[in-house]
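Next comes work-v6.cif, with mmCIF, C-alpha atoms and all ligand atoms.
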data_coords
loop_
_atom_site.label_atom_id
_atom_site.label_comp_id
_atom_site.auth_asym_id
_atom_site.auth_seq_id
_atom_site.Cartn_x
_atom_site.Cartn_y
_atom_site.Cartn_z
CA MET R 13 12.45 -57.04 -32.69
CA GLY R 14 13.99 -54.19 -30.75
CA THR R 15 15.44 -56.66 -28.24
CA HIS R 16 19.00 -56.10 -27.07
CA PRO R 17 21.42 -58.54 -28.81
CA PHE R 18 22.62 -59.80 -25.44
CA LEU R 19 19.05 -60.61 -24.37
CA GLN R 20 18.47 -62.32 -27.72
CA LEU R 21 21.55 -64.47 -27.18
CA LEU R 22 20.52 -65.27 -23.62
CA SER R 23 17.02 -66.20 -24.73
CA SER R 24 18.34 -68.44 -27.53
CA LEU R 25 20.56 -70.24 -24.98
CA LEU R 26 17.77 -70.64 -22.45
CA PHE R 27 15.03 -71.42 -24.97
CA PRO R 28 16.70 -72.87 -28.07
CA ALA R 29 14.42 -73.01 -31.11
CA LEU R 30 13.10 -76.49 -31.78
CA CYS R 31 11.93 -78.09 -35.00
CA CYS R 32 8.13 -78.08 -34.87
CA SER R 33 8.05 -81.55 -36.39
CA CYS R 34 10.89 -83.70 -34.97
CA HIS R 35 11.52 -81.43 -31.91
CA ARG R 36 15.30 -81.46 -32.36
CA THR R 37 17.18 -78.32 -31.42
CA LEU R 38 17.79 -76.12 -34.43
CA GLY R 39 21.43 -75.36 -35.12
CA ALA R 40 22.67 -71.86 -35.93
CA SER R 41 23.01 -72.86 -39.59
CA ALA R 42 19.42 -74.11 -39.93
CA ARG R 43 17.59 -72.47 -42.81
CA TYR R 44 14.47 -71.74 -40.75
CA ARG R 45 13.66 -70.96 -37.13
CA ALA R 46 10.61 -73.24 -37.04
CA ILE R 47 11.61 -76.46 -38.79
CA CYS R 48 14.91 -78.28 -39.32
CA ASP R 49 16.43 -78.68 -42.77
CA MET R 50 15.89 -82.43 -42.74
CA CYS R 51 12.17 -82.10 -42.06
CA SER R 52 11.64 -79.23 -44.52
CA ASN R 53 13.49 -81.12 -47.26
CA ARG R 54 11.15 -84.05 -46.77
CA ILE R 55 8.04 -82.05 -47.67
CA PRO R 56 6.67 -83.19 -51.07
CA ARG R 57 5.94 -80.48 -53.65
CA ASN R 58 2.80 -80.53 -55.77
CA PRO R 59 3.70 -80.50 -59.46
CA TYR R 60 0.79 -78.65 -61.12
CA PRO R 61 -2.36 -76.49 -60.77
CA LYS R 62 -5.41 -78.64 -60.15
CA CYS R 63 -9.14 -78.98 -59.79
CA PRO R 64 -9.84 -78.69 -56.04
CA THR R 65 -12.46 -81.45 -56.18
CA CYS R 66 -10.96 -84.25 -58.30
CA GLY R 67 -7.30 -83.22 -58.46
CA ARG R 68 -7.22 -83.23 -62.26
CA ARG R 69 -4.50 -81.05 -63.75
CA CYS R 70 -5.72 -77.65 -65.03
CA THR R 71 -4.14 -76.02 -68.06
CA GLU R 72 -6.02 -72.72 -68.20
CA PRO R 73 -6.83 -70.29 -65.41
CA ARG R 74 -10.58 -69.73 -65.87
CA THR R 75 -12.27 -72.58 -64.09
CA SER R 76 -11.93 -76.19 -63.00
CA CYS R 77 -13.89 -79.22 -64.20
CA HIS R 78 -16.17 -79.26 -61.13
CA THR R 79 -18.85 -76.58 -60.99
CA GLU R 80 -19.13 -76.83 -57.20
CA THR R 81 -15.55 -75.52 -56.92
CA PRO R 82 -15.21 -73.36 -60.04
CA PHE R 83 -11.61 -72.25 -59.58
CA VAL R 84 -8.10 -73.52 -60.21
CA LEU R 85 -6.25 -74.45 -57.03
CA LEU R 86 -2.55 -73.81 -56.56
CA ALA R 87 -1.71 -75.98 -53.54
CA ALA R 88 1.99 -76.01 -52.65
CA THR R 89 1.87 -79.31 -50.77
CA GLU R 90 -0.34 -81.79 -48.91
CA PHE R 91 -1.72 -81.42 -45.39
CA ALA R 92 -1.36 -85.18 -44.84
CA THR R 93 2.42 -84.73 -44.61
CA PRO R 94 3.29 -84.63 -40.87
CA GLU R 95 5.90 -81.86 -41.34
CA VAL R 96 3.32 -79.67 -43.11
CA ARG R 97 0.70 -80.29 -40.42
CA ALA R 98 3.27 -79.39 -37.75
CA LEU R 99 4.14 -76.09 -39.48
CA ILE R 100 0.52 -75.04 -39.92
CA HIS R 101 -0.38 -76.07 -36.39
CA SER R 102 2.58 -74.11 -34.95
CA LEU R 103 1.60 -70.99 -36.84
CA LYS R 104 -2.14 -71.19 -36.25
CA TYR R 105 -2.49 -72.49 -32.72
CA ARG R 106 0.88 -71.76 -31.10
CA GLY R 107 1.43 -68.36 -32.67
CA ILE R 108 4.90 -69.24 -33.99
CA ARG R 109 5.27 -66.64 -36.74
CA ASP R 110 8.54 -68.14 -37.99
CA ALA R 111 6.48 -71.05 -39.32
CA ALA R 112 5.07 -68.74 -42.02
CA GLU R 113 8.52 -68.49 -43.67
CA PRO R 114 8.92 -72.11 -44.88
CA LEU R 115 5.23 -72.15 -45.87
CA ALA R 116 5.74 -69.01 -47.97
CA ASP R 117 8.81 -70.57 -49.62
CA LEU R 118 6.78 -73.66 -50.52
CA ILE R 119 4.09 -71.45 -52.08
CA VAL R 120 6.63 -69.41 -54.07
CA GLU R 121 8.18 -72.64 -55.35
CA HIS R 122 4.74 -73.83 -56.44
CA LEU R 123 3.82 -70.53 -58.12
CA THR R 124 7.10 -70.67 -60.05
CA VAL R 125 6.13 -74.07 -61.45
CA ALA R 126 2.34 -73.72 -61.73
CA LEU R 127 1.81 -70.20 -63.12
CA PRO R 128 3.69 -70.96 -66.38
CA MET R 129 1.42 -73.99 -66.84
CA LEU R 130 -1.51 -71.55 -66.89
CA GLY R 131 0.35 -69.09 -69.15
CA MET R 132 0.44 -66.56 -66.30
CA GLU R 133 4.10 -66.34 -65.31
CA ARG R 134 4.42 -62.73 -66.45
CA GLU R 135 1.27 -61.42 -64.78
CA SER R 136 1.04 -59.26 -61.66
CA PHE R 137 -1.46 -60.28 -59.00
CA LEU R 138 -3.45 -58.81 -56.17
CA LEU R 139 -2.97 -61.07 -53.18
CA ILE R 140 -6.04 -61.36 -50.96
CA PRO R 141 -5.64 -63.32 -47.74
CA ALA R 142 -8.73 -65.19 -46.51
CA PRO R 143 -10.10 -62.85 -43.85
CA LEU R 144 -10.43 -64.12 -40.31
CA HIS R 145 -13.47 -62.97 -38.39
CA PRO R 146 -12.41 -60.43 -35.70
CA HIS R 147 -13.76 -62.77 -32.97
CA ARG R 148 -11.55 -65.59 -34.18
CA LYS R 149 -8.54 -63.32 -34.37
CA ARG R 150 -9.05 -62.13 -30.79
CA GLU R 151 -9.43 -65.73 -29.65
CA ARG R 152 -6.33 -66.94 -31.44
CA GLY R 153 -4.15 -63.83 -31.25
CA ILE R 154 -2.78 -64.43 -34.72
CA ASP R 155 -4.05 -64.21 -38.27
CA GLN R 156 -2.11 -67.06 -39.84
CA THR R 157 -3.09 -66.33 -43.44
CA ALA R 158 -2.11 -62.66 -43.13
CA CYS R 159 1.30 -63.80 -41.82
CA ILE R 160 1.85 -66.04 -44.85
CA ALA R 161 0.62 -63.25 -47.16
CA ARG R 162 3.17 -60.77 -45.79
CA ALA R 163 5.94 -63.35 -46.15
CA LEU R 164 4.86 -63.93 -49.76
CA GLU R 165 4.79 -60.24 -50.59
CA ARG R 166 8.34 -59.86 -49.21
CA ARG R 167 9.48 -62.65 -51.54
CA LEU R 168 7.69 -61.47 -54.70
CA PRO R 169 7.40 -57.68 -54.30
CA HIS R 170 7.24 -57.02 -58.04
CA GLN R 171 4.60 -59.63 -58.78
CA LEU R 172 2.31 -59.42 -55.74
CA THR R 173 0.41 -56.55 -54.20
CA LEU R 174 -1.17 -57.35 -50.87
CA GLU R 175 -4.82 -56.29 -50.60
CA GLY R 176 -5.58 -57.11 -46.99
CA SER R 177 -8.85 -55.24 -46.52
CA VAL R 178 -11.00 -55.55 -49.67
CA LEU R 179 -12.54 -58.90 -48.71
CA VAL R 180 -14.29 -59.14 -45.34
CA ARG R 181 -16.16 -61.74 -43.31
CA THR R 182 -19.76 -60.75 -42.85
CA ARG R 183 -20.52 -63.39 -40.26
CA ASP R 184 -18.63 -65.68 -37.95
CA THR R 185 -19.18 -69.19 -39.31
CA ASP R 186 -18.86 -72.38 -37.28
CA SER R 187 -15.59 -74.21 -37.72
CA GLN R 188 -15.43 -76.05 -41.05
CA THR R 189 -13.72 -79.00 -39.37
CA GLU R 190 -16.82 -79.53 -37.20
CA GLN R 191 -19.16 -79.92 -40.18
CA PRO R 192 -20.46 -83.47 -40.58
CA ASN R 193 -20.12 -83.66 -44.36
CA ARG R 194 -19.22 -81.91 -47.56
CA LYS R 195 -22.68 -80.46 -48.11
CA ALA R 196 -22.69 -78.96 -44.62
CA ARG R 197 -19.32 -77.33 -45.30
CA PHE R 198 -20.70 -75.52 -48.34
CA ALA R 199 -23.85 -74.46 -46.46
CA ASN R 200 -21.83 -73.24 -43.47
CA VAL R 201 -19.85 -70.67 -45.47
CA ALA R 202 -22.59 -69.54 -47.90
CA GLU R 203 -22.89 -65.73 -48.05
CA SER R 204 -20.23 -65.26 -45.39
CA PHE R 205 -17.97 -62.84 -47.31
CA ALA R 206 -18.40 -59.39 -48.85
CA LEU R 207 -16.31 -56.84 -50.72
CA ARG R 208 -15.58 -53.65 -48.85
CA GLU R 209 -13.95 -52.00 -51.86
CA PRO R 210 -14.49 -53.67 -55.28
CA THR R 211 -12.66 -51.06 -57.41
CA PRO R 212 -9.08 -52.44 -57.15
CA LEU R 213 -10.34 -55.84 -58.30
CA VAL R 214 -11.84 -54.73 -61.60
CA ASP R 215 -9.91 -56.39 -64.45
CA ALA R 216 -7.16 -57.53 -62.04
CA ASN R 217 -5.53 -60.93 -61.66
CA VAL R 218 -6.34 -62.09 -58.15
CA LEU R 219 -4.77 -64.73 -55.94
CA ILE R 220 -6.90 -65.63 -52.93
CA LEU R 221 -4.72 -67.10 -50.23
CA ASP R 222 -5.66 -69.50 -47.46
CA ASP R 223 -3.55 -71.78 -45.27
CA VAL R 224 -5.42 -75.00 -46.06
CA CYS R 225 -8.05 -76.08 -48.58
CA THR R 226 -10.18 -79.07 -47.61
CA SER R 227 -13.53 -79.35 -49.42
CA GLY R 228 -12.85 -76.10 -51.27
CA ALA R 229 -16.09 -74.65 -49.87
CA THR R 230 -14.54 -71.58 -48.19
CA MET R 231 -12.32 -70.85 -51.18
CA ALA R 232 -15.26 -71.30 -53.60
CA GLU R 233 -17.28 -68.78 -51.60
CA MET R 234 -14.41 -66.26 -51.57
CA VAL R 235 -13.87 -66.74 -55.31
CA ARG R 236 -17.58 -66.20 -55.95
CA THR R 237 -17.55 -62.98 -53.90
CA VAL R 238 -14.39 -61.64 -55.59
CA ARG R 239 -15.75 -62.48 -59.07
CA SER R 240 -18.68 -60.13 -58.48
CA ALA R 241 -16.18 -57.26 -58.96
CA ARG R 242 -15.32 -58.57 -62.46
CA PRO R 243 -11.61 -59.32 -62.12
CA ARG R 244 -9.76 -60.81 -65.10
CA THR R 245 -8.83 -64.04 -63.30
CA VAL R 246 -9.12 -65.46 -59.80
CA LEU R 247 -6.98 -68.35 -58.58
CA GLY R 248 -7.02 -70.07 -55.21
CA VAL R 249 -3.64 -70.46 -53.50
CA VAL R 250 -2.99 -72.51 -50.36
CA ALA R 251 0.01 -73.85 -48.52
CA ALA R 252 -1.61 -77.27 -48.29
CA GLN R 253 -4.52 -79.28 -49.56
CA ALA R 254 -6.19 -81.60 -47.09
ZN ZN A 301 12.86 -81.67 -37.83
ZN ZN A 302 -12.57 -81.80 -61.18
#
Take the structure in the file and write it out as C-alpha cells.
Amino acid sequence: MGTHPFLQLLSSLLFPALCCSCHRTLGASARYRAICDMCSNRIPRNPYPKCPTCGRRCTEPRTSCHTETPFVLLAATEFATPEVRALIHSLKYRGIRDAAEPLADLIVEHLTVALPMLGMERESFLLIPAPLHPHRKRERGIDQTACIARALERRLPHQLTLEGSVLVRTRDTDSQTEQPNRKARFANVAESFALREPTPLVDANVLILDDVCTSGATMAEMVRTVRSARPRTVLGVVAAQA
C-alpha cells in the first residue's frame, strides 16, 4: 500500500510470494498471494451446518443437540487438512494478511450453502469477530479473526455488517491448546467475555466469527454472552473445525 510500483516489482522479484503449503513460487496468474491454486483447490468443503460437539447436521438455527455447545456451527472446512493449517498458521503466527483472503472465500462458499439449509439465506447479519485480548494482540502483532472479518465484509457488503467492538475480552485466558482436557477448556474461558454495547444486538441475527473451533468452548461462551442482549439468532462461524 502506497509503495511505488517499481519498488513493488523489485520486491516481488527479490522476494517472490510462495505458497504457504507446498512452498512453490506463486505465478502471476495465481488466484491468491498466499496459497497456490493447486493447494487451494484441494481443500475440502464442509457440506452443511452442524452441531459443534457431535457433527450432526442442523436444520434450524436455534440450537444444536448438545447443551454444552448450544449453537449451530458453520465451519467452512477442517483444520486437519494440511493446506488449511498452513493458511491459518501463516495468518496467525507469521502475520501474512493475504492468507485471510482464501479463508474468507471458503467461509463465503460455506455460508452460501449452509444458510439456505437453516432458512436464513435472505437475512442480514451482524458479524462479530472473536475479540483478542489486547496483550495477545501486542504479542502477535495481528488480529487474525479481525482480518478474516474485514475480508468477509468486503465480499458480502449487503448481507454483513461488521461489529468489531461490541464484544470484549474481560480477562486474558490461558491458551486453549494448553488445556489438558475438554472440561478444562470450558473452565478456562468461563466468564471471559462481556458486551460493551448490547443495543445493536437486540433482535438482530448475529454471526460470531473465529478462525478455528476445537471443543467449541470459546464459541459457546461468546454465544452465551451475546445471547444476553436478546438477539433473534446467533450462529457460530469458523474457517475450520479442529
Ligand atoms: Zn501450494
Ligand atoms: Zn450434537
field: Residues near Val180 in chain R, cut-off 10 Å, all atoms listed in the file, skip fewer than 2 positions along chain, as JSON, numbers by chain
entry: {"R": [141, 142, 143, 144, 145, 146, 176, 177, 178, 182, 183, 204, 205, 206, 207, 208, 209, 234, 237]}
field: Distance in Å - CA of Lys195 in chain R versus CA of Leu86 in chain R
entry: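 Rounded to one decimal, the two atoms are 22.8 Å apart.
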message: Here is a test: counting only C-alpha atoms, which residue of R:Asn193, R:Thr71, R:Ser187, R:Ser136 is nearest to Glu165 in chain R?
response: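 Closest to Glu165 in chain R, using only C-alpha atoms: R:Ser136.
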query: What separation in Å, quoted to one decimal, exists between CA of Tyr105 in chain R and CA of Leu221 in chain R?
result: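 A separation of 18.5 Å between them.
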Taking only residues of chain R that have an atom at most 9 Å from an atom of ligand ZN 301 (chain A), what is each one's shortest atom pair and its distance in Å to one decimal, using only C-alpha atoms and all ligand atoms, in chain and number order, as a Markdown table?
| residue | atom | partner | partner_atom | distance |
| --- | --- | --- | --- | --- |
| R:Leu30 | CA | A:ZN301 | ZN | 8.0 |
| R:Cys31 | CA | A:ZN301 | ZN | 4.7 |
| R:Cys32 | CA | A:ZN301 | ZN | 6.6 |
| R:Ser33 | CA | A:ZN301 | ZN | 5.0 |
| R:Cys34 | CA | A:ZN301 | ZN | 4.0 |
| R:His35 | CA | A:ZN301 | ZN | 6.1 |
| R:Arg36 | CA | A:ZN301 | ZN | 6.0 |
| R:Thr37 | CA | A:ZN301 | ZN | 8.4 |
| R:Leu38 | CA | A:ZN301 | ZN | 8.2 |
| R:Ala46 | CA | A:ZN301 | ZN | 8.8 |
| R:Ile47 | CA | A:ZN301 | ZN | 5.4 |
| R:Cys48 | CA | A:ZN301 | ZN | 4.2 |
| R:Asp49 | CA | A:ZN301 | ZN | 6.8 |
| R:Met50 | CA | A:ZN301 | ZN | 5.8 |
| R:Cys51 | CA | A:ZN301 | ZN | 4.3 |
| R:Ser52 | CA | A:ZN301 | ZN | 7.2 |
| R:Glu95 | CA | A:ZN301 | ZN | 7.8 |
query: What residues have any atom no more than 12 Å from ligand ZN 302 (chain A) when counting all atoms listed in the file, and can you list them as a ChimeraX atom specification?
result: /R:61-70,75-85,228
